[in-house]
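> CSV, C-alpha atoms and all ligand atoms, file final-v3.csv:
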```csv
chain,number,residue,atom,x,y,z
B,28,MET,CA,52.1,40.6,-24.5
B,29,LYS,CA,52.0,42.9,-21.5
B,30,LYS,CA,48.2,42.8,-21.6
B,31,ILE,CA,48.2,39.0,-21.5
B,32,ILE,CA,50.6,38.9,-18.5
B,33,PHE,CA,48.4,41.4,-16.7
B,34,ALA,CA,45.1,39.6,-17.6
B,35,PHE,CA,46.3,36.2,-16.3
B,36,PRO,CA,46.4,36.9,-12.5
B,37,LEU,CA,43.1,38.8,-12.8
B,38,THR,CA,41.4,35.8,-14.4
B,39,ALA,CA,42.9,33.4,-11.8
B,40,ALA,CA,41.7,35.6,-9.0
B,41,PHE,CA,38.2,35.7,-10.5
B,42,LEU,CA,38.1,31.9,-10.9
B,43,VAL,CA,39.2,31.4,-7.2
B,44,PHE,CA,36.5,33.9,-6.1
B,45,MET,CA,33.7,32.1,-8.1
B,46,GLY,CA,34.9,28.7,-6.7
B,47,ALA,CA,34.6,30.0,-3.2
B,48,LEU,CA,31.1,31.3,-3.9
B,49,ALA,CA,30.0,27.9,-5.3
B,50,GLN,CA,31.5,26.1,-2.3
B,51,MET,CA,29.5,28.4,0.1
B,52,ASN,CA,26.3,27.8,-1.8
B,53,PHE,CA,26.8,24.0,-1.7
B,54,ALA,CA,27.4,24.1,2.1
B,55,ALA,CA,24.2,26.2,2.6
B,56,GLU,CA,22.1,23.8,0.5
B,57,GLU,CA,23.5,20.8,2.3
B,58,LEU,CA,22.6,22.4,5.7
B,59,ASN,CA,19.1,23.1,4.5
B,60,SER,CA,18.5,19.6,3.2
B,61,SER,CA,19.9,18.0,6.3
B,62,ASN,CA,17.6,20.2,8.4
B,63,THR,CA,14.6,19.0,6.3
B,64,VAL,CA,15.6,15.3,6.8
B,65,ASN,CA,15.9,15.8,10.6
B,66,LYS,CA,12.6,17.6,10.8
B,67,ASN,CA,10.8,14.8,8.9
B,68,LYS,CA,12.5,12.2,11.1
B,69,GLU,CA,11.5,14.1,14.3
B,70,GLU,CA,7.9,14.2,13.1
B,71,ALA,CA,7.9,10.5,12.4
B,72,MET,CA,9.5,9.7,15.7
B,73,ALA,CA,7.1,11.6,17.9
B,74,PRO,CA,3.7,10.2,17.1
B,75,SER,CA,2.7,10.1,20.8
B,76,GLY,CA,3.3,13.8,21.3
B,77,THR,CA,-0.2,15.0,20.8
B,78,LYS,CA,-2.0,11.7,21.1
B,79,LYS,CA,-4.1,10.6,24.0
B,80,ILE,CA,-2.9,7.3,25.5
B,81,LEU,CA,-4.6,4.5,27.5
B,82,VAL,CA,-2.8,1.6,29.1
B,83,ALA,CA,-5.4,-1.1,29.6
B,84,TYR,CA,-4.4,-4.5,31.0
B,85,PHE,CA,-5.7,-7.6,32.6
B,86,SER,CA,-3.6,-9.4,35.2
B,87,TYR,CA,-4.3,-12.5,37.3
B,88,SER,CA,-1.2,-12.8,39.4
B,89,GLY,CA,0.5,-9.4,39.0
B,90,ASN,CA,3.1,-9.9,36.2
B,91,THR,CA,1.2,-8.0,33.5
B,92,ARG,CA,0.3,-5.2,36.0
B,93,GLU,CA,4.0,-4.7,36.6
B,94,ILE,CA,4.7,-4.2,32.9
B,95,ALA,CA,1.6,-2.0,32.6
B,96,ASP,CA,2.9,0.2,35.4
B,97,GLN,CA,6.4,0.4,33.8
B,98,ILE,CA,4.8,1.5,30.4
B,99,HIS,CA,2.5,4.0,32.1
B,100,LYS,CA,5.4,5.6,34.0
B,101,ILE,CA,7.2,6.2,30.6
B,102,VAL,CA,4.3,7.2,28.3
B,103,GLY,CA,1.9,8.8,30.8
B,104,GLY,CA,-1.8,8.9,29.9
B,105,ASP,CA,-4.4,6.9,31.7
B,106,ILE,CA,-4.2,3.4,33.1
B,107,PHE,CA,-7.2,1.0,33.3
B,108,GLU,CA,-7.4,-2.5,34.8
B,109,ILE,CA,-9.7,-4.9,33.0
B,110,GLN,CA,-11.5,-7.0,35.7
B,111,ALA,CA,-14.2,-9.6,35.4
B,112,VAL,CA,-17.3,-9.1,37.7
B,113,ASN,CA,-16.7,-12.6,39.0
B,114,PRO,CA,-13.1,-12.9,40.2
B,115,TYR,CA,-11.1,-15.9,39.1
B,116,PRO,CA,-10.4,-18.7,41.7
B,117,ASP,CA,-7.1,-18.4,43.6
B,118,ASP,CA,-6.3,-22.1,42.9
B,119,TYR,CA,-4.0,-22.4,39.8
B,120,ASN,CA,-5.5,-25.6,38.5
B,121,ALA,CA,-9.0,-24.3,38.9
B,122,VAL,CA,-8.2,-21.1,37.0
B,123,VAL,CA,-6.6,-23.1,34.2
B,124,LYS,CA,-9.7,-25.3,34.0
B,125,GLN,CA,-12.0,-22.3,33.9
B,126,ALA,CA,-9.8,-20.5,31.3
B,127,ARG,CA,-9.9,-23.6,29.0
B,128,HIS,CA,-13.6,-23.8,29.3
B,129,GLU,CA,-14.1,-20.1,28.6
B,130,LEU,CA,-11.9,-20.4,25.5
B,131,SER,CA,-13.6,-23.4,24.1
B,132,SER,CA,-17.1,-22.0,24.7
B,133,GLY,CA,-16.3,-18.5,23.4
B,134,TYR,CA,-17.6,-17.1,26.8
B,135,LYS,CA,-17.1,-13.4,27.4
B,136,PRO,CA,-17.4,-12.5,31.1
B,137,ALA,CA,-19.1,-9.3,32.2
B,138,LEU,CA,-16.6,-6.6,33.2
B,139,LYS,CA,-16.6,-4.7,36.5
B,140,THR,CA,-16.0,-1.3,35.0
B,141,LYS,CA,-15.8,0.5,31.7
B,142,VAL,CA,-13.4,3.0,30.3
B,143,GLU,CA,-15.0,6.4,30.2
B,144,ASP,CA,-15.0,8.0,26.8
B,145,ILE,CA,-12.9,5.4,25.0
B,146,LYS,CA,-13.4,7.4,21.8
B,147,SER,CA,-11.1,10.1,23.1
B,148,TYR,CA,-8.0,7.9,23.0
B,149,ASP,CA,-5.7,7.5,20.0
B,150,LEU,CA,-3.1,5.0,21.3
B,151,ILE,CA,-4.3,2.0,23.3
B,152,PHE,CA,-1.9,-0.4,24.9
B,153,ILE,CA,-3.5,-3.8,25.7
B,154,GLY,CA,-1.7,-5.9,28.2
B,155,TYR,CA,-2.5,-9.5,29.2
B,156,PRO,CA,-1.0,-12.8,30.3
B,157,ASN,CA,-0.9,-15.5,27.7
B,158,TRP,CA,-3.7,-17.8,28.7
B,159,CYS,CA,-4.0,-21.1,26.7
B,160,SER,CA,-1.9,-19.5,23.9
B,161,THR,CA,-4.2,-16.5,23.5
B,162,ILE,CA,-5.9,-13.6,25.3
B,163,PRO,CA,-7.9,-14.2,28.5
B,164,ALA,CA,-11.7,-14.0,28.2
B,165,PRO,CA,-12.0,-10.6,30.0
B,166,VAL,CA,-9.7,-9.1,27.4
B,167,LYS,CA,-11.9,-10.6,24.7
B,168,THR,CA,-14.9,-8.9,26.3
B,169,PHE,CA,-13.0,-5.6,26.5
B,170,LEU,CA,-12.0,-5.6,22.9
B,171,SER,CA,-15.5,-6.7,21.8
B,172,GLU,CA,-17.3,-4.0,23.8
B,173,CYS,CA,-15.0,-1.1,22.9
B,174,ASP,CA,-15.2,0.3,19.4
B,175,LEU,CA,-11.5,0.6,18.7
B,176,SER,CA,-11.8,1.2,14.9
B,177,GLY,CA,-9.4,3.8,13.6
B,178,LYS,CA,-7.3,3.6,16.8
B,179,THR,CA,-3.8,2.3,17.2
B,180,ILE,CA,-3.5,-0.8,19.4
B,181,ILE,CA,-0.2,-1.8,21.0
B,182,PRO,CA,-0.3,-5.3,22.6
B,183,PHE,CA,2.0,-6.5,25.4
B,184,CYS,CA,2.0,-9.8,27.0
B,185,THR,CA,3.6,-11.8,29.9
B,186,HIS,CA,3.8,-15.6,29.6
B,187,GLY,CA,5.2,-18.8,31.0
B,188,GLY,CA,7.3,-19.7,28.0
B,189,GLY,CA,4.7,-19.6,25.2
B,190,GLY,CA,5.4,-16.0,24.1
B,191,LEU,CA,2.5,-14.2,22.4
B,192,GLY,CA,1.0,-17.5,21.2
B,193,ARG,CA,-1.7,-16.5,18.7
B,194,SER,CA,-2.9,-13.6,20.8
B,195,VAL,CA,-2.0,-10.9,18.3
B,196,SER,CA,-3.8,-12.5,15.4
B,197,ASP,CA,-6.8,-13.0,17.7
B,198,ILE,CA,-6.7,-9.3,18.7
B,199,SER,CA,-6.6,-8.3,15.1
B,200,LYS,CA,-9.6,-10.5,14.3
B,201,LEU,CA,-11.6,-8.7,17.1
B,202,CYS,CA,-10.4,-5.3,16.0
B,203,PRO,CA,-10.2,-5.4,12.2
B,204,GLN,CA,-10.4,-1.7,11.7
B,205,SER,CA,-7.5,-0.9,14.1
B,206,THR,CA,-3.8,-0.5,13.4
B,207,LEU,CA,-1.6,-2.8,15.4
B,208,LEU,CA,2.0,-1.8,16.3
B,209,ASP,CA,4.7,-4.4,17.1
B,210,SER,CA,3.9,-6.1,20.3
B,211,PHE,CA,6.1,-6.9,23.4
B,212,ALA,CA,6.3,-10.2,25.2
B,213,ILE,CA,8.3,-11.2,28.3
B,214,PRO,CA,8.3,-14.2,30.6
B,215,GLY,CA,6.5,-13.5,33.8
B,216,SER,CA,9.6,-14.4,35.8
B,217,ASP,CA,11.5,-11.4,34.2
B,218,VAL,CA,9.0,-8.6,34.7
B,219,LYS,CA,10.8,-7.0,37.7
B,220,THR,CA,13.9,-6.3,35.7
B,221,ALA,CA,12.2,-5.4,32.4
B,222,GLN,CA,12.5,-1.6,32.5
B,223,SER,CA,15.3,-1.3,29.9
B,224,GLU,CA,13.6,-3.8,27.6
B,225,VAL,CA,10.3,-1.9,27.8
B,226,SER,CA,12.0,1.4,27.1
B,227,GLU,CA,13.9,-0.1,24.1
B,228,TRP,CA,10.7,-1.5,22.7
B,229,LEU,CA,8.8,1.9,23.1
B,230,ARG,CA,11.7,3.6,21.3
B,231,LYS,CA,11.6,1.0,18.5
B,232,ILE,CA,7.9,1.5,17.8
B,233,LYS,CA,8.5,5.2,17.9
B,234,ILE,CA,6.3,6.0,20.9
B,235,THR,CA,9.3,7.6,22.6
B,236,LYS,CA,12.5,9.1,21.2
B,301,LIG,C1,-5.1,-19.9,33.1
B,301,LIG,C2,-3.7,-19.8,32.7
B,301,LIG,C3,-3.3,-20.2,31.5
B,301,LIG,C4,-2.0,-20.0,31.1
B,301,LIG,N1,-1.6,-20.5,29.8
B,301,LIG,C5,-0.4,-20.2,29.4
B,301,LIG,C6,0.0,-20.6,28.1
B,301,LIG,O1,-0.7,-21.2,27.3
B,301,LIG,N2,1.3,-20.3,27.7
B,301,LIG,C7,2.2,-19.7,28.5
B,301,LIG,O2,3.3,-19.4,28.1
B,301,LIG,N3,1.8,-19.3,29.8
B,301,LIG,C8,0.6,-19.6,30.2
B,301,LIG,N4,0.2,-19.2,31.5
B,301,LIG,C9,1.2,-18.5,32.4
B,301,LIG,C10,1.0,-17.0,32.4
B,301,LIG,O3,0.9,-16.5,31.1
B,301,LIG,C11,2.1,-16.2,33.1
B,301,LIG,O4,2.4,-16.7,34.3
B,301,LIG,C12,1.9,-14.7,33.1
B,301,LIG,O5,3.1,-14.0,33.4
B,301,LIG,C13,0.9,-14.4,34.2
B,301,LIG,O6,0.6,-13.0,34.2
B,301,LIG,P1,-0.3,-12.3,35.3
B,301,LIG,O7,0.6,-12.4,36.6
B,301,LIG,O8,-0.4,-10.9,34.8
B,301,LIG,O9,-1.6,-13.0,35.5
B,301,LIG,C14,-1.1,-19.4,32.0
B,301,LIG,C15,-1.5,-19.0,33.2
B,301,LIG,C16,-2.8,-19.2,33.6
B,301,LIG,C17,-3.2,-18.8,35.0
```
Translate this structure into structure tokens?

Amino acid sequence: MKKIIFAFPLTAAFLVFMGALAQMNFAAEELNSSNTVNKNKEEAMAPSGTKKILVAYFSYSGNTREIADQIHKIVGGDIFEIQAVNPYPDDYNAVVKQARHELSSGYKPALKTKVEDIKSYDLIFIGYPNWCSTIPAPVKTFLSECDLSGKTIIPFCTHGGGGLGRSVSDISKLCPQSTLLDSFAIPGSDVKTAQSEVSEWLRKIKITK
């Protein structure tokens, strides 16, 4: 009987000790696995870290240039303005008439300058105003002349109420071998105060953290 009374506290102490050990193991495993999850998430959220970025845009009256500058300030890389050799007329009605004609005829105007070594870029932002519900003809020339296969294209657009129109599907038709990320569209009248919206979008598509 004495033996039993003596053995009981020893067994209890042993069980408490083992329980504490198991608890410590569990905590360490939990810490390890949460570190792995965080690491994977960080990797997924920082695709732009080692990638070379180009912000290419066309702008007739300055709205898209404003957004391009805001993006460029945040993501860095290079910025390039797509310009036709022959500038568009200043008169609004004349430019609308010309844009409609270019669209219906499939015309691709010659561009003033080219991007040097387009092959070296991984992520290419393409900015444009919505013209007749799609991309302006100079952007069409740019996308047709540059081989963007295997690259990631990120469209952004300013507009007068029509949003992206069918611009994104027209871009993907011109660049079938590229990956398109979610695009950004904003009314031209709101571009001056778009900084937080632009930052939020860049976070959402995981270009920034
Ligand atoms: C030729 C032309 C066609 C346009 N067509 C459209 C259109 O179809 N839908 C729309 O929402 N806005 C249209 N707009 C308005 C522009 O998309 C808008 O003002 C844009 O912010 C201008 O950008 P920018 O200053 O960079 O040129 C058009 C403007 C022009 C000059």
> I'd like the contact shell of stretch 85-88 of chain B - 6 Å cut-off, only C-alpha atoms, skipping same-chain residues fewer than 6 positions apart - returned as a PyMOL selection string.
chain B and resi 108-109+155
> Set the cut-off to 10 Å, count all atoms listed in the file, and list whatever residues fall near ligand LIG 301 (chain B) as a PDB file with C-alpha atoms, in the frame of the given file.

```
ATOM      1  CA  TYR B  84      -4.400  -4.500  31.000  1.00  0.00           C
ATOM      2  CA  PHE B  85      -5.700  -7.600  32.600  1.00  0.00           C
ATOM      3  CA  SER B  86      -3.600  -9.400  35.200  1.00  0.00           C
ATOM      4  CA  TYR B  87      -4.300 -12.500  37.300  1.00  0.00           C
ATOM      5  CA  SER B  88      -1.200 -12.800  39.400  1.00  0.00           C
ATOM      6  CA  GLY B  89       0.500  -9.400  39.000  1.00  0.00           C
ATOM      7  CA  ASN B  90       3.100  -9.900  36.200  1.00  0.00           C
ATOM      8  CA  THR B  91       1.200  -8.000  33.500  1.00  0.00           C
ATOM      9  CA  ARG B  92       0.300  -5.200  36.000  1.00  0.00           C
ATOM     10  CA  GLU B  93       4.000  -4.700  36.600  1.00  0.00           C
ATOM     11  CA  ILE B  94       4.700  -4.200  32.900  1.00  0.00           C
ATOM     12  CA  ALA B  95       1.600  -2.000  32.600  1.00  0.00           C
ATOM     13  CA  TYR B 115     -11.100 -15.900  39.100  1.00  0.00           C
ATOM     14  CA  PRO B 116     -10.400 -18.700  41.700  1.00  0.00           C
ATOM     15  CA  ASP B 117      -7.100 -18.400  43.600  1.00  0.00           C
ATOM     16  CA  ASP B 118      -6.300 -22.100  42.900  1.00  0.00           C
ATOM     17  CA  TYR B 119      -4.000 -22.400  39.800  1.00  0.00           C
ATOM     18  CA  ASN B 120      -5.500 -25.600  38.500  1.00  0.00           C
ATOM     19  CA  ALA B 121      -9.000 -24.300  38.900  1.00  0.00           C
ATOM     20  CA  VAL B 122      -8.200 -21.100  37.000  1.00  0.00           C
ATOM     21  CA  VAL B 123      -6.600 -23.100  34.200  1.00  0.00           C
ATOM     22  CA  LYS B 124      -9.700 -25.300  34.000  1.00  0.00           C
ATOM     23  CA  GLN B 125     -12.000 -22.300  33.900  1.00  0.00           C
ATOM     24  CA  ALA B 126      -9.800 -20.500  31.300  1.00  0.00           C
ATOM     25  CA  ARG B 127      -9.900 -23.600  29.000  1.00  0.00           C
ATOM     26  CA  GLY B 154      -1.700  -5.900  28.200  1.00  0.00           C
ATOM     27  CA  TYR B 155      -2.500  -9.500  29.200  1.00  0.00           C
ATOM     28  CA  PRO B 156      -1.000 -12.800  30.300  1.00  0.00           C
ATOM     29  CA  ASN B 157      -0.900 -15.500  27.700  1.00  0.00           C
ATOM     30  CA  TRP B 158      -3.700 -17.800  28.700  1.00  0.00           C
ATOM     31  CA  CYS B 159      -4.000 -21.100  26.700  1.00  0.00           C
ATOM     32  CA  SER B 160      -1.900 -19.500  23.900  1.00  0.00           C
ATOM     33  CA  THR B 161      -4.200 -16.500  23.500  1.00  0.00           C
ATOM     34  CA  ILE B 162      -5.900 -13.600  25.300  1.00  0.00           C
ATOM     35  CA  PRO B 163      -7.900 -14.200  28.500  1.00  0.00           C
ATOM     36  CA  CYS B 184       2.000  -9.800  27.000  1.00  0.00           C
ATOM     37  CA  THR B 185       3.600 -11.800  29.900  1.00  0.00           C
ATOM     38  CA  HIS B 186       3.800 -15.600  29.600  1.00  0.00           C
ATOM     39  CA  GLY B 187       5.200 -18.800  31.000  1.00  0.00           C
ATOM     40  CA  GLY B 188       7.300 -19.700  28.000  1.00  0.00           C
ATOM     41  CA  GLY B 189       4.700 -19.600  25.200  1.00  0.00           C
ATOM     42  CA  GLY B 190       5.400 -16.000  24.100  1.00  0.00           C
ATOM     43  CA  LEU B 191       2.500 -14.200  22.400  1.00  0.00           C
ATOM     44  CA  GLY B 192       1.000 -17.500  21.200  1.00  0.00           C
ATOM     45  CA  ARG B 193      -1.700 -16.500  18.700  1.00  0.00           C
ATOM     46  CA  ALA B 212       6.300 -10.200  25.200  1.00  0.00           C
ATOM     47  CA  ILE B 213       8.300 -11.200  28.300  1.00  0.00           C
ATOM     48  CA  PRO B 214       8.300 -14.200  30.600  1.00  0.00           C
ATOM     49  CA  GLY B 215       6.500 -13.500  33.800  1.00  0.00           C
ATOM     50  CA  SER B 216       9.600 -14.400  35.800  1.00  0.00           C
ATOM     51  CA  ASP B 217      11.500 -11.400  34.200  1.00  0.00           C
ATOM     52  CA  VAL B 218       9.000  -8.600  34.700  1.00  0.00           C
TER      53      VAL B 218
END
```
> How many Å separate atom CA of B:His128 from atom CA of B:Phe183?
23.6 Å
> In Å, how far is it from atom CA of B:Leu150 to atom CA of B:Thr179?
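Separation of atom CA of B:Leu150 and atom CA of B:Thr179: 5.0 Å.
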> What is the distance, in Å and to one decimal place, between atom CA of B:Phe169 and atom CA of B:Gln97?
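Computed distance, atom CA of B:Phe169 to atom CA of B:Gln97, equals 21.6 Å.
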> Set the distance at 9 Å and use all atoms listed in the file: which residues neighbour B:Pro182 once local chain neighbours fewer than 2 positions away are removed? I'd like the list as a PyMOL selection string.
chain B and resi 151-155+180+184+194-195+198+207-212
> Leaving out B:Leu175 and any residue of its chain fewer than 2 positions from it, which residues lie within 7 Å of it when counting all atoms listed in the file, given as a list in words?
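Close residues of B:Leu175: Cys173, Gly177, Lys178, Cys202 and Ser205 of chain B.
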> Using only C-alpha atoms, pick whichever of B:Val102, B:Ala137, B:Asp144, B:Asp197 has the shortest atom-to-atom distance to B:Leu229.
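Smallest distance to B:Leu229 is found for B:Val102.
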> Pick the closest to B:Ser199 from B:Lys236, B:Thr220, B:Val225, B:Lys167: which is it, counting all atoms listed in the file?
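Smallest distance to B:Ser199 is found for B:Lys167.
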> Rebuild stretch 119-136 of chain B to N, CA and C atoms - output it as a PDB file, in the coordinates of the input, please.

```
ATOM      1  N   TYR B 119      -4.590 -22.405  41.174  1.00  0.00           N
ATOM      2  CA  TYR B 119      -4.000 -22.400  39.800  1.00  0.00           C
ATOM      3  C   TYR B 119      -4.737 -23.352  38.872  1.00  0.00           C
ATOM      4  N   ASN B 120      -4.893 -24.609  39.364  1.00  0.00           N
ATOM      5  CA  ASN B 120      -5.500 -25.600  38.500  1.00  0.00           C
ATOM      6  C   ASN B 120      -6.948 -25.255  38.170  1.00  0.00           C
ATOM      7  N   ALA B 121      -7.637 -24.656  39.155  1.00  0.00           N
ATOM      8  CA  ALA B 121      -9.000 -24.300  38.900  1.00  0.00           C
ATOM      9  C   ALA B 121      -9.127 -23.158  37.878  1.00  0.00           C
ATOM     10  N   VAL B 122      -8.202 -22.214  37.941  1.00  0.00           N
ATOM     11  CA  VAL B 122      -8.200 -21.100  37.000  1.00  0.00           C
ATOM     12  C   VAL B 122      -7.882 -21.605  35.561  1.00  0.00           C
ATOM     13  N   VAL B 123      -6.956 -22.545  35.482  1.00  0.00           N
ATOM     14  CA  VAL B 123      -6.600 -23.100  34.200  1.00  0.00           C
ATOM     15  C   VAL B 123      -7.800 -23.825  33.569  1.00  0.00           C
ATOM     16  N   LYS B 124      -8.486 -24.591  34.415  1.00  0.00           N
ATOM     17  CA  LYS B 124      -9.700 -25.300  34.000  1.00  0.00           C
ATOM     18  C   LYS B 124     -10.742 -24.350  33.463  1.00  0.00           C
ATOM     19  N   GLN B 125     -10.968 -23.300  34.250  1.00  0.00           N
ATOM     20  CA  GLN B 125     -12.000 -22.300  33.900  1.00  0.00           C
ATOM     21  C   GLN B 125     -11.599 -21.578  32.573  1.00  0.00           C
ATOM     22  N   ALA B 126     -10.303 -21.219  32.465  1.00  0.00           N
ATOM     23  CA  ALA B 126      -9.800 -20.500  31.300  1.00  0.00           C
ATOM     24  C   ALA B 126     -10.029 -21.360  30.014  1.00  0.00           C
ATOM     25  N   ARG B 127      -9.713 -22.652  30.142  1.00  0.00           N
ATOM     26  CA  ARG B 127      -9.900 -23.600  29.000  1.00  0.00           C
ATOM     27  C   ARG B 127     -11.342 -23.650  28.587  1.00  0.00           C
ATOM     28  N   HIS B 128     -12.197 -23.732  29.604  1.00  0.00           N
ATOM     29  CA  HIS B 128     -13.600 -23.800  29.300  1.00  0.00           C
ATOM     30  C   HIS B 128     -14.140 -22.548  28.646  1.00  0.00           C
ATOM     31  N   GLU B 129     -13.707 -21.391  29.174  1.00  0.00           N
ATOM     32  CA  GLU B 129     -14.100 -20.100  28.600  1.00  0.00           C
ATOM     33  C   GLU B 129     -13.684 -19.978  27.143  1.00  0.00           C
ATOM     34  N   LEU B 130     -12.473 -20.464  26.903  1.00  0.00           N
ATOM     35  CA  LEU B 130     -11.900 -20.400  25.500  1.00  0.00           C
ATOM     36  C   LEU B 130     -12.719 -21.240  24.571  1.00  0.00           C
ATOM     37  N   SER B 131     -12.956 -22.489  24.988  1.00  0.00           N
ATOM     38  CA  SER B 131     -13.600 -23.400  24.100  1.00  0.00           C
ATOM     39  C   SER B 131     -15.095 -23.018  23.829  1.00  0.00           C
ATOM     40  N   SER B 132     -15.703 -22.363  24.821  1.00  0.00           N
ATOM     41  CA  SER B 132     -17.100 -22.000  24.700  1.00  0.00           C
ATOM     42  C   SER B 132     -17.322 -20.608  24.069  1.00  0.00           C
ATOM     43  N   GLY B 133     -16.218 -19.836  23.974  1.00  0.00           N
ATOM     44  CA  GLY B 133     -16.300 -18.500  23.400  1.00  0.00           C
ATOM     45  C   GLY B 133     -16.950 -17.501  24.442  1.00  0.00           C
ATOM     46  N   TYR B 134     -16.937 -17.889  25.711  1.00  0.00           N
ATOM     47  CA  TYR B 134     -17.600 -17.100  26.800  1.00  0.00           C
ATOM     48  C   TYR B 134     -16.876 -15.731  26.951  1.00  0.00           C
ATOM     49  N   LYS B 135     -17.702 -14.690  27.107  1.00  0.00           N
ATOM     50  CA  LYS B 135     -17.100 -13.400  27.400  1.00  0.00           C
ATOM     51  C   LYS B 135     -17.705 -12.863  28.708  1.00  0.00           C
ATOM     52  N   PRO B 136     -16.910 -12.941  29.763  1.00  0.00           N
ATOM     53  CA  PRO B 136     -17.400 -12.500  31.100  1.00  0.00           C
ATOM     54  C   PRO B 136     -17.724 -11.050  31.163  1.00  0.00           C
TER      55      PRO B 136
END
```
